[in-house]
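**Student:** Dropping in start20.cif, which is mmCIF, N, CA and C atoms:
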data_upload
loop_
_atom_site.group_PDB
_atom_site.id
_atom_site.type_symbol
_atom_site.label_atom_id
_atom_site.label_comp_id
_atom_site.auth_asym_id
_atom_site.auth_seq_id
_atom_site.Cartn_x
_atom_site.Cartn_y
_atom_site.Cartn_z
ATOM 1 N N ASP A 109 111.800 102.162 137.640
ATOM 2 C CA ASP A 109 112.626 102.453 136.477
ATOM 3 C C ASP A 109 112.458 103.925 136.120
ATOM 4 N N SER A 110 113.539 104.602 135.871
ATOM 5 C CA SER A 110 113.479 106.026 135.552
ATOM 6 C C SER A 110 113.789 106.299 134.089
ATOM 7 N N THR A 111 113.464 105.362 133.220
ATOM 8 C CA THR A 111 113.688 105.547 131.788
ATOM 9 C C THR A 111 112.553 106.383 131.200
ATOM 10 N N PHE A 112 112.928 107.409 130.425
ATOM 11 C CA PHE A 112 111.959 108.260 129.728
ATOM 12 C C PHE A 112 111.884 107.759 128.294
ATOM 13 N N VAL A 113 110.672 107.392 127.835
ATOM 14 C CA VAL A 113 110.495 106.799 126.507
ATOM 15 C C VAL A 113 109.657 107.733 125.644
ATOM 16 N N VAL A 114 110.138 107.976 124.414
ATOM 17 C CA VAL A 114 109.419 108.789 123.434
ATOM 18 C C VAL A 114 109.160 107.913 122.218
ATOM 19 N N ASP A 115 107.871 107.684 121.884
ATOM 20 C CA ASP A 115 107.482 106.949 120.677
ATOM 21 C C ASP A 115 106.971 107.950 119.660
ATOM 22 N N THR A 116 107.538 107.927 118.455
ATOM 23 C CA THR A 116 107.110 108.833 117.398
ATOM 24 C C THR A 116 106.568 108.018 116.239
ATOM 25 N N VAL A 117 105.346 108.315 115.834
ATOM 26 C CA VAL A 117 104.693 107.660 114.697
ATOM 27 C C VAL A 117 103.984 108.733 113.869
ATOM 28 N N GLY A 118 103.455 108.344 112.711
ATOM 29 C CA GLY A 118 102.714 109.286 111.878
ATOM 30 C C GLY A 118 103.603 110.238 111.111
ATOM 31 N N MET A 119 104.756 109.772 110.689
ATOM 32 C CA MET A 119 105.709 110.619 109.968
ATOM 33 C C MET A 119 105.289 110.789 108.505
ATOM 34 N N ASP A 120 105.647 111.917 107.956
ATOM 35 C CA ASP A 120 105.404 112.212 106.546
ATOM 36 C C ASP A 120 106.501 111.526 105.737
ATOM 37 N N ASP A 121 106.143 110.663 104.795
ATOM 38 C CA ASP A 121 107.152 109.900 104.052
ATOM 39 C C ASP A 121 107.889 110.737 103.007
ATOM 40 N N ARG A 122 107.595 112.012 102.901
ATOM 41 C CA ARG A 122 108.322 112.874 101.955
ATOM 42 C C ARG A 122 109.616 113.412 102.547
ATOM 43 N N THR A 123 109.878 113.118 103.819
ATOM 44 C CA THR A 123 111.114 113.572 104.455
ATOM 45 C C THR A 123 112.152 112.463 104.400
ATOM 46 N N TRP A 124 113.349 112.772 104.833
ATOM 47 C CA TRP A 124 114.421 111.792 104.886
ATOM 48 C C TRP A 124 114.598 111.313 106.308
ATOM 49 N N LEU A 125 115.098 110.094 106.436
ATOM 50 C CA LEU A 125 115.392 109.528 107.743
ATOM 51 C C LEU A 125 116.686 110.116 108.316
ATOM 52 N N THR A 126 117.659 110.353 107.430
ATOM 53 C CA THR A 126 118.964 110.876 107.848
ATOM 54 C C THR A 126 119.373 112.025 106.936
ATOM 55 N N ASN A 127 120.425 112.719 107.309
ATOM 56 C CA ASN A 127 120.970 113.783 106.456
ATOM 57 C C ASN A 127 121.557 113.228 105.167
ATOM 58 N N SER A 128 121.831 111.934 105.115
ATOM 59 C CA SER A 128 122.375 111.301 103.911
ATOM 60 C C SER A 128 121.293 110.992 102.883
ATOM 61 N N GLY A 129 120.039 111.211 103.240
ATOM 62 C CA GLY A 129 118.953 110.981 102.297
ATOM 63 C C GLY A 129 118.332 109.605 102.364
ATOM 64 N N ASP A 130 118.557 108.869 103.462
ATOM 65 C CA ASP A 130 117.933 107.551 103.598
ATOM 66 C C ASP A 130 116.418 107.710 103.688
ATOM 67 N N PRO A 131 115.677 106.954 102.873
ATOM 68 C CA PRO A 131 114.217 107.117 102.840
ATOM 69 C C PRO A 131 113.522 106.396 103.993
ATOM 70 N N HIS A 132 112.243 106.673 104.136
ATOM 71 C CA HIS A 132 111.387 105.946 105.071
ATOM 72 C C HIS A 132 109.961 106.021 104.549
ATOM 73 N N SER A 133 109.111 105.157 105.054
ATOM 74 C CA SER A 133 107.704 105.161 104.656
ATOM 75 C C SER A 133 106.866 105.824 105.749
ATOM 76 N N ALA A 134 105.578 105.912 105.513
ATOM 77 C CA ALA A 134 104.661 106.461 106.517
ATOM 78 C C ALA A 134 104.513 105.521 107.710
ATOM 79 N N ASP A 135 105.012 104.276 107.592
ATOM 80 C CA ASP A 135 104.951 103.304 108.688
ATOM 81 C C ASP A 135 106.123 103.422 109.668
ATOM 82 N N LEU A 136 106.980 104.420 109.465
ATOM 83 C CA LEU A 136 108.142 104.607 110.332
ATOM 84 C C LEU A 136 107.716 104.782 111.786
ATOM 85 N N ARG A 137 108.455 104.107 112.672
ATOM 86 C CA ARG A 137 108.285 104.286 114.114
ATOM 87 C C ARG A 137 109.671 104.514 114.717
ATOM 88 N N VAL A 138 109.798 105.561 115.480
ATOM 89 C CA VAL A 138 111.060 105.883 116.155
ATOM 90 C C VAL A 138 110.803 105.836 117.654
ATOM 91 N N GLN A 139 111.596 105.042 118.352
ATOM 92 C CA GLN A 139 111.481 104.977 119.803
ATOM 93 C C GLN A 139 112.806 105.432 120.411
ATOM 94 N N GLU A 140 112.728 106.469 121.248
ATOM 95 C CA GLU A 140 113.900 106.993 121.953
ATOM 96 C C GLU A 140 113.751 106.644 123.425
ATOM 97 N N ARG A 141 114.814 106.137 124.013
ATOM 98 C CA ARG A 141 114.812 105.786 125.439
ATOM 99 C C ARG A 141 115.976 106.532 126.100
ATOM 100 N N TYR A 142 115.644 107.366 127.066
ATOM 101 C CA TYR A 142 116.636 108.136 127.814
ATOM 102 C C TYR A 142 116.716 107.547 129.220
ATOM 103 N N ARG A 143 117.936 107.143 129.602
ATOM 104 C CA ARG A 143 118.122 106.530 130.921
ATOM 105 C C ARG A 143 119.357 107.128 131.572
ATOM 106 N N ARG A 144 119.181 107.574 132.785
ATOM 107 C CA ARG A 144 120.325 108.123 133.522
ATOM 108 C C ARG A 144 121.103 106.976 134.134
ATOM 109 N N VAL A 145 122.318 106.791 133.657
ATOM 110 C CA VAL A 145 123.175 105.694 134.106
ATOM 111 C C VAL A 145 123.742 105.997 135.485
ATOM 112 N N ASN A 146 124.223 107.218 135.647
ATOM 113 C CA ASN A 146 124.753 107.676 136.930
ATOM 114 C C ASN A 146 124.674 109.199 136.952
ATOM 115 N N GLN A 147 125.326 109.811 137.902
ATOM 116 C CA GLN A 147 125.205 111.259 138.062
ATOM 117 C C GLN A 147 125.732 112.033 136.850
ATOM 118 N N THR A 148 126.670 111.466 136.120
ATOM 119 C CA THR A 148 127.309 112.213 135.023
ATOM 120 C C THR A 148 127.080 111.613 133.643
ATOM 121 N N THR A 149 126.192 110.624 133.515
ATOM 122 C CA THR A 149 126.010 109.960 132.228
ATOM 123 C C THR A 149 124.538 109.712 131.914
ATOM 124 N N LEU A 150 124.130 110.088 130.703
ATOM 125 C CA LEU A 150 122.795 109.816 130.188
ATOM 126 C C LEU A 150 122.943 108.873 129.002
ATOM 127 N N GLU A 151 122.201 107.774 129.021
ATOM 128 C CA GLU A 151 122.254 106.823 127.909
ATOM 129 C C GLU A 151 121.033 107.052 127.023
ATOM 130 N N LEU A 152 121.277 107.201 125.716
ATOM 131 C CA LEU A 152 120.208 107.369 124.739
ATOM 132 C C LEU A 152 120.232 106.172 123.794
ATOM 133 N N THR A 153 119.105 105.473 123.724
ATOM 134 C CA THR A 153 118.942 104.358 122.792
ATOM 135 C C THR A 153 117.824 104.722 121.832
ATOM 136 N N VAL A 154 118.098 104.619 120.536
ATOM 137 C CA VAL A 154 117.101 104.927 119.510
ATOM 138 C C VAL A 154 116.902 103.681 118.661
ATOM 139 N N VAL A 155 115.631 103.270 118.492
ATOM 140 C CA VAL A 155 115.296 102.143 117.629
ATOM 141 C C VAL A 155 114.394 102.680 116.524
ATOM 142 N N ILE A 156 114.813 102.465 115.287
ATOM 143 C CA ILE A 156 114.065 102.911 114.112
ATOM 144 C C ILE A 156 113.517 101.672 113.424
ATOM 145 N N THR A 157 112.194 101.602 113.296
ATOM 146 C CA THR A 157 111.527 100.454 112.693
ATOM 147 C C THR A 157 110.677 100.940 111.530
ATOM 148 N N ASP A 158 110.885 100.367 110.359
ATOM 149 C CA ASP A 158 110.074 100.689 109.180
ATOM 150 C C ASP A 158 110.037 99.453 108.285
ATOM 151 N N PRO A 159 109.095 98.536 108.516
ATOM 152 C CA PRO A 159 109.063 97.277 107.772
ATOM 153 C C PRO A 159 108.790 97.447 106.272
ATOM 154 N N GLN A 160 108.289 98.603 105.854
ATOM 155 C CA GLN A 160 108.048 98.837 104.429
ATOM 156 C C GLN A 160 109.340 99.119 103.664
ATOM 157 N N VAL A 161 110.364 99.615 104.366
ATOM 158 C CA VAL A 161 111.602 100.034 103.697
ATOM 159 C C VAL A 161 112.815 99.210 104.136
ATOM 160 N N TYR A 162 112.864 98.790 105.391
ATOM 161 C CA TYR A 162 114.038 98.109 105.934
ATOM 162 C C TYR A 162 113.679 96.718 106.439
ATOM 163 N N THR A 163 114.596 95.782 106.263
ATOM 164 C CA THR A 163 114.335 94.388 106.634
ATOM 165 C C THR A 163 114.386 94.142 108.137
ATOM 166 N N LYS A 164 115.083 95.005 108.871
ATOM 167 C CA LYS A 164 115.130 94.851 110.320
ATOM 168 C C LYS A 164 115.299 96.227 110.962
ATOM 169 N N PRO A 165 114.955 96.356 112.233
ATOM 170 C CA PRO A 165 115.093 97.662 112.912
ATOM 171 C C PRO A 165 116.554 98.090 113.030
ATOM 172 N N TRP A 166 116.770 99.405 113.055
ATOM 173 C CA TRP A 166 118.086 99.980 113.347
ATOM 174 C C TRP A 166 118.094 100.312 114.827
ATOM 175 N N MET A 167 119.237 100.104 115.462
ATOM 176 C CA MET A 167 119.369 100.516 116.857
ATOM 177 C C MET A 167 120.677 101.260 117.041
ATOM 178 N N MET A 168 120.607 102.394 117.723
ATOM 179 C CA MET A 168 121.789 103.184 118.032
ATOM 180 C C MET A 168 121.791 103.445 119.532
ATOM 181 N N ARG A 169 122.959 103.415 120.135
ATOM 182 C CA ARG A 169 123.060 103.705 121.568
ATOM 183 C C ARG A 169 124.254 104.631 121.783
ATOM 184 N N ASN A 170 124.008 105.702 122.525
ATOM 185 C CA ASN A 170 125.069 106.653 122.864
ATOM 186 C C ASN A 170 125.038 106.917 124.357
ATOM 187 N N ARG A 171 126.196 107.166 124.902
ATOM 188 C CA ARG A 171 126.301 107.624 126.290
ATOM 189 C C ARG A 171 126.738 109.074 126.235
ATOM 190 N N LEU A 172 125.927 109.919 126.837
ATOM 191 C CA LEU A 172 126.145 111.354 126.762
ATOM 192 C C LEU A 172 126.557 111.896 128.122
ATOM 193 N N PRO A 173 127.581 112.756 128.162
ATOM 194 C CA PRO A 173 128.007 113.317 129.452
ATOM 195 C C PRO A 173 127.001 114.343 129.950
ATOM 196 N N LEU A 174 126.775 114.333 131.245
ATOM 197 C CA LEU A 174 125.920 115.325 131.900
ATOM 198 C C LEU A 174 126.791 116.180 132.801
ATOM 199 N N ARG A 175 126.610 117.468 132.706
ATOM 200 C CA ARG A 175 127.322 118.368 133.616
ATOM 201 C C ARG A 175 126.513 119.654 133.752
ATOM 202 N N LEU A 176 126.642 120.270 134.884
ATOM 203 C CA LEU A 176 125.939 121.518 135.144
ATOM 204 C C LEU A 176 126.534 122.640 134.311
ATOM 205 N N MET A 177 125.659 123.477 133.804
ATOM 206 C CA MET A 177 126.108 124.666 133.090
ATOM 207 C C MET A 177 126.442 125.731 134.135
ATOM 208 N N PRO A 178 127.330 126.662 133.802
ATOM 209 C CA PRO A 178 127.613 127.754 134.745
ATOM 210 C C PRO A 178 126.330 128.525 135.069
ATOM 211 N N ARG A 179 126.248 129.073 136.276
ATOM 212 C CA ARG A 179 125.038 129.766 136.730
ATOM 213 C C ARG A 179 124.630 130.918 135.815
ATOM 214 N N ASP A 180 125.591 131.556 135.171
ATOM 215 C CA ASP A 180 125.268 132.719 134.333
ATOM 216 C C ASP A 180 124.993 132.332 132.873
ATOM 217 N N THR A 181 124.805 131.048 132.588
ATOM 218 C CA THR A 181 124.531 130.592 131.223
ATOM 219 C C THR A 181 123.124 131.009 130.813
ATOM 220 N N ASP A 182 123.010 131.555 129.612
ATOM 221 C CA ASP A 182 121.714 131.944 129.061
ATOM 222 C C ASP A 182 121.446 131.053 127.854
ATOM 223 N N LEU A 183 120.432 130.204 127.957
ATOM 224 C CA LEU A 183 120.094 129.324 126.847
ATOM 225 C C LEU A 183 119.290 130.098 125.817
ATOM 226 N N MET A 184 119.681 129.962 124.558
ATOM 227 C CA MET A 184 118.987 130.669 123.493
ATOM 228 C C MET A 184 117.915 129.777 122.884
ATOM 229 N N GLU A 185 116.756 130.349 122.653
ATOM 230 C CA GLU A 185 115.687 129.629 121.984
ATOM 231 C C GLU A 185 115.952 129.700 120.482
ATOM 232 N N MET A 186 115.855 128.546 119.811
ATOM 233 C CA MET A 186 116.123 128.493 118.373
ATOM 234 C C MET A 186 114.799 128.441 117.623
ATOM 235 N N ILE A 187 114.516 129.469 116.855
ATOM 236 C CA ILE A 187 113.292 129.545 116.067
ATOM 237 C C ILE A 187 113.702 129.687 114.604
ATOM 238 N N PRO A 188 113.216 128.791 113.717
ATOM 239 C CA PRO A 188 113.600 128.916 112.311
ATOM 240 C C PRO A 188 113.055 130.221 111.720
ATOM 241 N N SER A 189 113.852 130.800 110.852
ATOM 242 C CA SER A 189 113.408 132.036 110.208
ATOM 243 C C SER A 189 112.345 131.714 109.158
ATOM 244 N N ALA A 190 111.623 132.739 108.744
ATOM 245 C CA ALA A 190 110.581 132.558 107.726
ATOM 246 C C ALA A 190 111.176 132.040 106.420
ATOM 247 N N SER A 191 112.380 132.498 106.067
ATOM 248 C CA SER A 191 112.998 132.049 104.815
ATOM 249 C C SER A 191 113.390 130.571 104.897
ATOM 250 N N GLU A 192 113.825 130.109 106.071
ATOM 251 C CA GLU A 192 114.130 128.683 106.227
ATOM 252 C C GLU A 192 112.867 127.847 106.093
ATOM 253 N N ALA A 193 111.777 128.307 106.679
ATOM 254 C CA ALA A 193 110.510 127.585 106.586
ATOM 255 C C ALA A 193 110.024 127.546 105.142
ATOM 256 N N GLN A 194 110.169 128.651 104.410
ATOM 257 C CA GLN A 194 109.754 128.686 103.011
ATOM 258 C C GLN A 194 110.608 127.741 102.167
ATOM 259 N N ALA A 195 111.913 127.711 102.411
ATOM 260 C CA ALA A 195 112.796 126.822 101.652
ATOM 261 C C ALA A 195 112.420 125.365 101.900
ATOM 262 N N TYR A 196 112.120 125.025 103.137
ATOM 263 C CA TYR A 196 111.697 123.661 103.472
ATOM 264 C C TYR A 196 110.402 123.325 102.748
ATOM 265 N N GLN A 197 109.436 124.236 102.757
ATOM 266 C CA GLN A 197 108.164 123.999 102.086
ATOM 267 C C GLN A 197 108.358 123.800 100.581
ATOM 268 N N ARG A 198 109.271 124.562 99.955
ATOM 269 C CA ARG A 198 109.542 124.394 98.515
ATOM 270 C C ARG A 198 110.090 123.005 98.222
ATOM 271 N N VAL A 199 111.018 122.546 99.049
ATOM 272 C CA VAL A 199 111.604 121.217 98.845
ATOM 273 C C VAL A 199 110.533 120.137 98.975
ATOM 274 N N ILE A 200 109.737 120.202 100.019
ATOM 275 C CA ILE A 200 108.689 119.188 100.249
ATOM 276 C C ILE A 200 107.651 119.240 99.146
ATOM 277 N N SER A 201 107.210 120.447 98.752
ATOM 278 C CA SER A 201 106.168 120.521 97.722
ATOM 279 C C SER A 201 106.697 120.074 96.360
ATOM 280 N N SER A 202 107.985 120.277 96.076
ATOM 281 C CA SER A 202 108.526 119.830 94.792
ATOM 282 C C SER A 202 108.623 118.308 94.721
ATOM 283 N N GLN A 203 108.712 117.635 95.864
ATOM 284 C CA GLN A 203 108.791 116.166 95.887
ATOM 285 C C GLN A 203 107.429 115.517 95.668
ATOM 286 N N THR A 204 106.358 116.259 95.813
ATOM 287 C CA THR A 204 105.026 115.682 95.674
ATOM 288 C C THR A 204 104.469 115.832 94.265
ATOM 289 N N LYS A 205 105.168 116.542 93.427
ATOM 290 C CA LYS A 205 104.676 116.768 92.051
ATOM 291 C C LYS A 205 105.028 115.632 91.130
#
Translate the structure of the given file into structure tokens.

**Tutor:**
Amino acid sequence: DSTFVVDTVGMDDRTWLTNSGDPHSADLRVQERYRRVNQTTLELTVVITDPQVYTKPWMMRNRLPLRLMPRDTDLMEMIPSASEAQAYQRVISSQTK
């Protein structure tokens, strides 16, 4: 089997689960499964389990197209700026007061 599995645990419950503001507890577990279906398709399955907040796990599945980038493509590394990091810290610290 060539499925790549990522298990994420130990999340900080002061963050949101989604951009819509859905909450989660410190018991949140996220499992991502990446499976190559064929030469041009990658299947991503995500299962979100948090028994403290939700009555049953959430599952999402997407099929993503795979294609080669042109040879002259330059991938840019994304690094958050200091001001973005400070803004994030202000939001998180204000939620703990």

**Student:** Give me, as a ChimeraX atom specification, the residues of chain A that a backbone DSSP run labels alpha helix (DSSP H).

**Tutor:** /A:190-203

**Student:** Just want the 8 Å neighbourhood of stretch 142-156 of chain A, counted on only N, CA and C atoms, with same-chain residues fewer than 2 positions away dropped. Output as an mmCIF file with N, CA and C atoms, keeping the file's coordinate frame.

**Tutor:**
data_model
loop_
_atom_site.group_PDB
_atom_site.id
_atom_site.type_symbol
_atom_site.label_atom_id
_atom_site.label_comp_id
_atom_site.auth_asym_id
_atom_site.auth_seq_id
_atom_site.Cartn_x
_atom_site.Cartn_y
_atom_site.Cartn_z
ATOM 1 N N SER A 110 113.539 104.602 135.871
ATOM 2 C CA SER A 110 113.479 106.026 135.552
ATOM 3 C C SER A 110 113.789 106.299 134.089
ATOM 4 N N THR A 111 113.464 105.362 133.220
ATOM 5 C CA THR A 111 113.688 105.547 131.788
ATOM 6 C C THR A 111 112.553 106.383 131.200
ATOM 7 N N PHE A 112 112.928 107.409 130.425
ATOM 8 C CA PHE A 112 111.959 108.260 129.728
ATOM 9 C C PHE A 112 111.884 107.759 128.294
ATOM 10 N N VAL A 113 110.672 107.392 127.835
ATOM 11 C CA VAL A 113 110.495 106.799 126.507
ATOM 12 C C VAL A 113 109.657 107.733 125.644
ATOM 13 N N VAL A 114 110.138 107.976 124.414
ATOM 14 C CA VAL A 114 109.419 108.789 123.434
ATOM 15 C C VAL A 114 109.160 107.913 122.218
ATOM 16 N N LEU A 136 106.980 104.420 109.465
ATOM 17 C CA LEU A 136 108.142 104.607 110.332
ATOM 18 C C LEU A 136 107.716 104.782 111.786
ATOM 19 N N ARG A 137 108.455 104.107 112.672
ATOM 20 C CA ARG A 137 108.285 104.286 114.114
ATOM 21 C C ARG A 137 109.671 104.514 114.717
ATOM 22 N N VAL A 138 109.798 105.561 115.480
ATOM 23 C CA VAL A 138 111.060 105.883 116.155
ATOM 24 C C VAL A 138 110.803 105.836 117.654
ATOM 25 N N GLN A 139 111.596 105.042 118.352
ATOM 26 C CA GLN A 139 111.481 104.977 119.803
ATOM 27 C C GLN A 139 112.806 105.432 120.411
ATOM 28 N N GLU A 140 112.728 106.469 121.248
ATOM 29 C CA GLU A 140 113.900 106.993 121.953
ATOM 30 C C GLU A 140 113.751 106.644 123.425
ATOM 31 N N ASP A 158 110.885 100.367 110.359
ATOM 32 C CA ASP A 158 110.074 100.689 109.180
ATOM 33 C C ASP A 158 110.037 99.453 108.285
ATOM 34 N N PRO A 159 109.095 98.536 108.516
ATOM 35 C CA PRO A 159 109.063 97.277 107.772
ATOM 36 C C PRO A 159 108.790 97.447 106.272
ATOM 37 N N LYS A 164 115.083 95.005 108.871
ATOM 38 C CA LYS A 164 115.130 94.851 110.320
ATOM 39 C C LYS A 164 115.299 96.227 110.962
ATOM 40 N N PRO A 165 114.955 96.356 112.233
ATOM 41 C CA PRO A 165 115.093 97.662 112.912
ATOM 42 C C PRO A 165 116.554 98.090 113.030
ATOM 43 N N TRP A 166 116.770 99.405 113.055
ATOM 44 C CA TRP A 166 118.086 99.980 113.347
ATOM 45 C C TRP A 166 118.094 100.312 114.827
ATOM 46 N N MET A 167 119.237 100.104 115.462
ATOM 47 C CA MET A 167 119.369 100.516 116.857
ATOM 48 C C MET A 167 120.677 101.260 117.041
ATOM 49 N N MET A 168 120.607 102.394 117.723
ATOM 50 C CA MET A 168 121.789 103.184 118.032
ATOM 51 C C MET A 168 121.791 103.445 119.532
ATOM 52 N N ARG A 169 122.959 103.415 120.135
ATOM 53 C CA ARG A 169 123.060 103.705 121.568
ATOM 54 C C ARG A 169 124.254 104.631 121.783
ATOM 55 N N ASN A 170 124.008 105.702 122.525
ATOM 56 C CA ASN A 170 125.069 106.653 122.864
ATOM 57 C C ASN A 170 125.038 106.917 124.357
ATOM 58 N N ARG A 171 126.196 107.166 124.902
ATOM 59 C CA ARG A 171 126.301 107.624 126.290
ATOM 60 C C ARG A 171 126.738 109.074 126.235
ATOM 61 N N LEU A 172 125.927 109.919 126.837
ATOM 62 C CA LEU A 172 126.145 111.354 126.762
ATOM 63 C C LEU A 172 126.557 111.896 128.122
ATOM 64 N N PRO A 173 127.581 112.756 128.162
ATOM 65 C CA PRO A 173 128.007 113.317 129.452
ATOM 66 C C PRO A 173 127.001 114.343 129.950
ATOM 67 N N LEU A 174 126.775 114.333 131.245
ATOM 68 C CA LEU A 174 125.920 115.325 131.900
ATOM 69 C C LEU A 174 126.791 116.180 132.801
ATOM 70 N N ARG A 175 126.610 117.468 132.706
ATOM 71 C CA ARG A 175 127.322 118.368 133.616
ATOM 72 C C ARG A 175 126.513 119.654 133.752
#

**Student:** Rounded to one decimal place, report the atom CA of A:Leu125-atom CA of A:Leu183 distance in Å.

**Tutor:**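 If I compute the distance from atom CA of A:Leu125 to atom CA of A:Leu183, I get 27.9 Å.
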
**Student:** How big is the axis-aligned box, and where does its centre sit, when it encloses all atoms of stretch 147-163 of chain A listed in the file and has 4 Å added on every side, reported in Å to one decimal as AutoDock Vina command-line options?

**Tutor:**
--center_x 117.7 --center_y 103.2 --center_z 120.9 --size_x 27.3 --size_y 26.1 --size_z 42.4

**Student:** State, in Å with one decimal place, the distance from atom CA of A:Gln194 to atom N of A:Asp120.

**Tutor:**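 Separation of atom CA of A:Gln194 and atom N of A:Asp120: 18.0 Å.
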
**Student:** Between atom CA of A:Gly129 and atom N of A:Met186, what is the distance, to one decimal in Å?

**Tutor:**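 Result for atom CA of A:Gly129 versus atom N of A:Met186: 25.0 Å, one decimal.
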
**Student:** With distances taken over all atoms listed in the file, which residue among A:Thr163, A:Asp115, A:Tyr196, A:Leu176 lies nearest A:Arg141?

**Tutor:** A:Asp115

**Student:** Would you please give, as a list in words, all residues of stretch 157-194 of chain A that DSSP assigns to strand (DSSP E) based on the backbone?

**Tutor:**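 Checking each residue of stretch 157-194 of chain A, the strand (DSSP E) ones are Thr157, Trp166, Met167, Met168, Arg169, Asn170, Arg171, Leu172 and Pro173 of chain A.
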
**Student:** I need the residue nearest A:Gly118 from this list: A:Glu192, A:Asp180, A:Asp135, A:Glu185. Use all atoms listed in the file for the distance.

**Tutor:**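 Selected residue with least distance to A:Gly118: A:Asp135.
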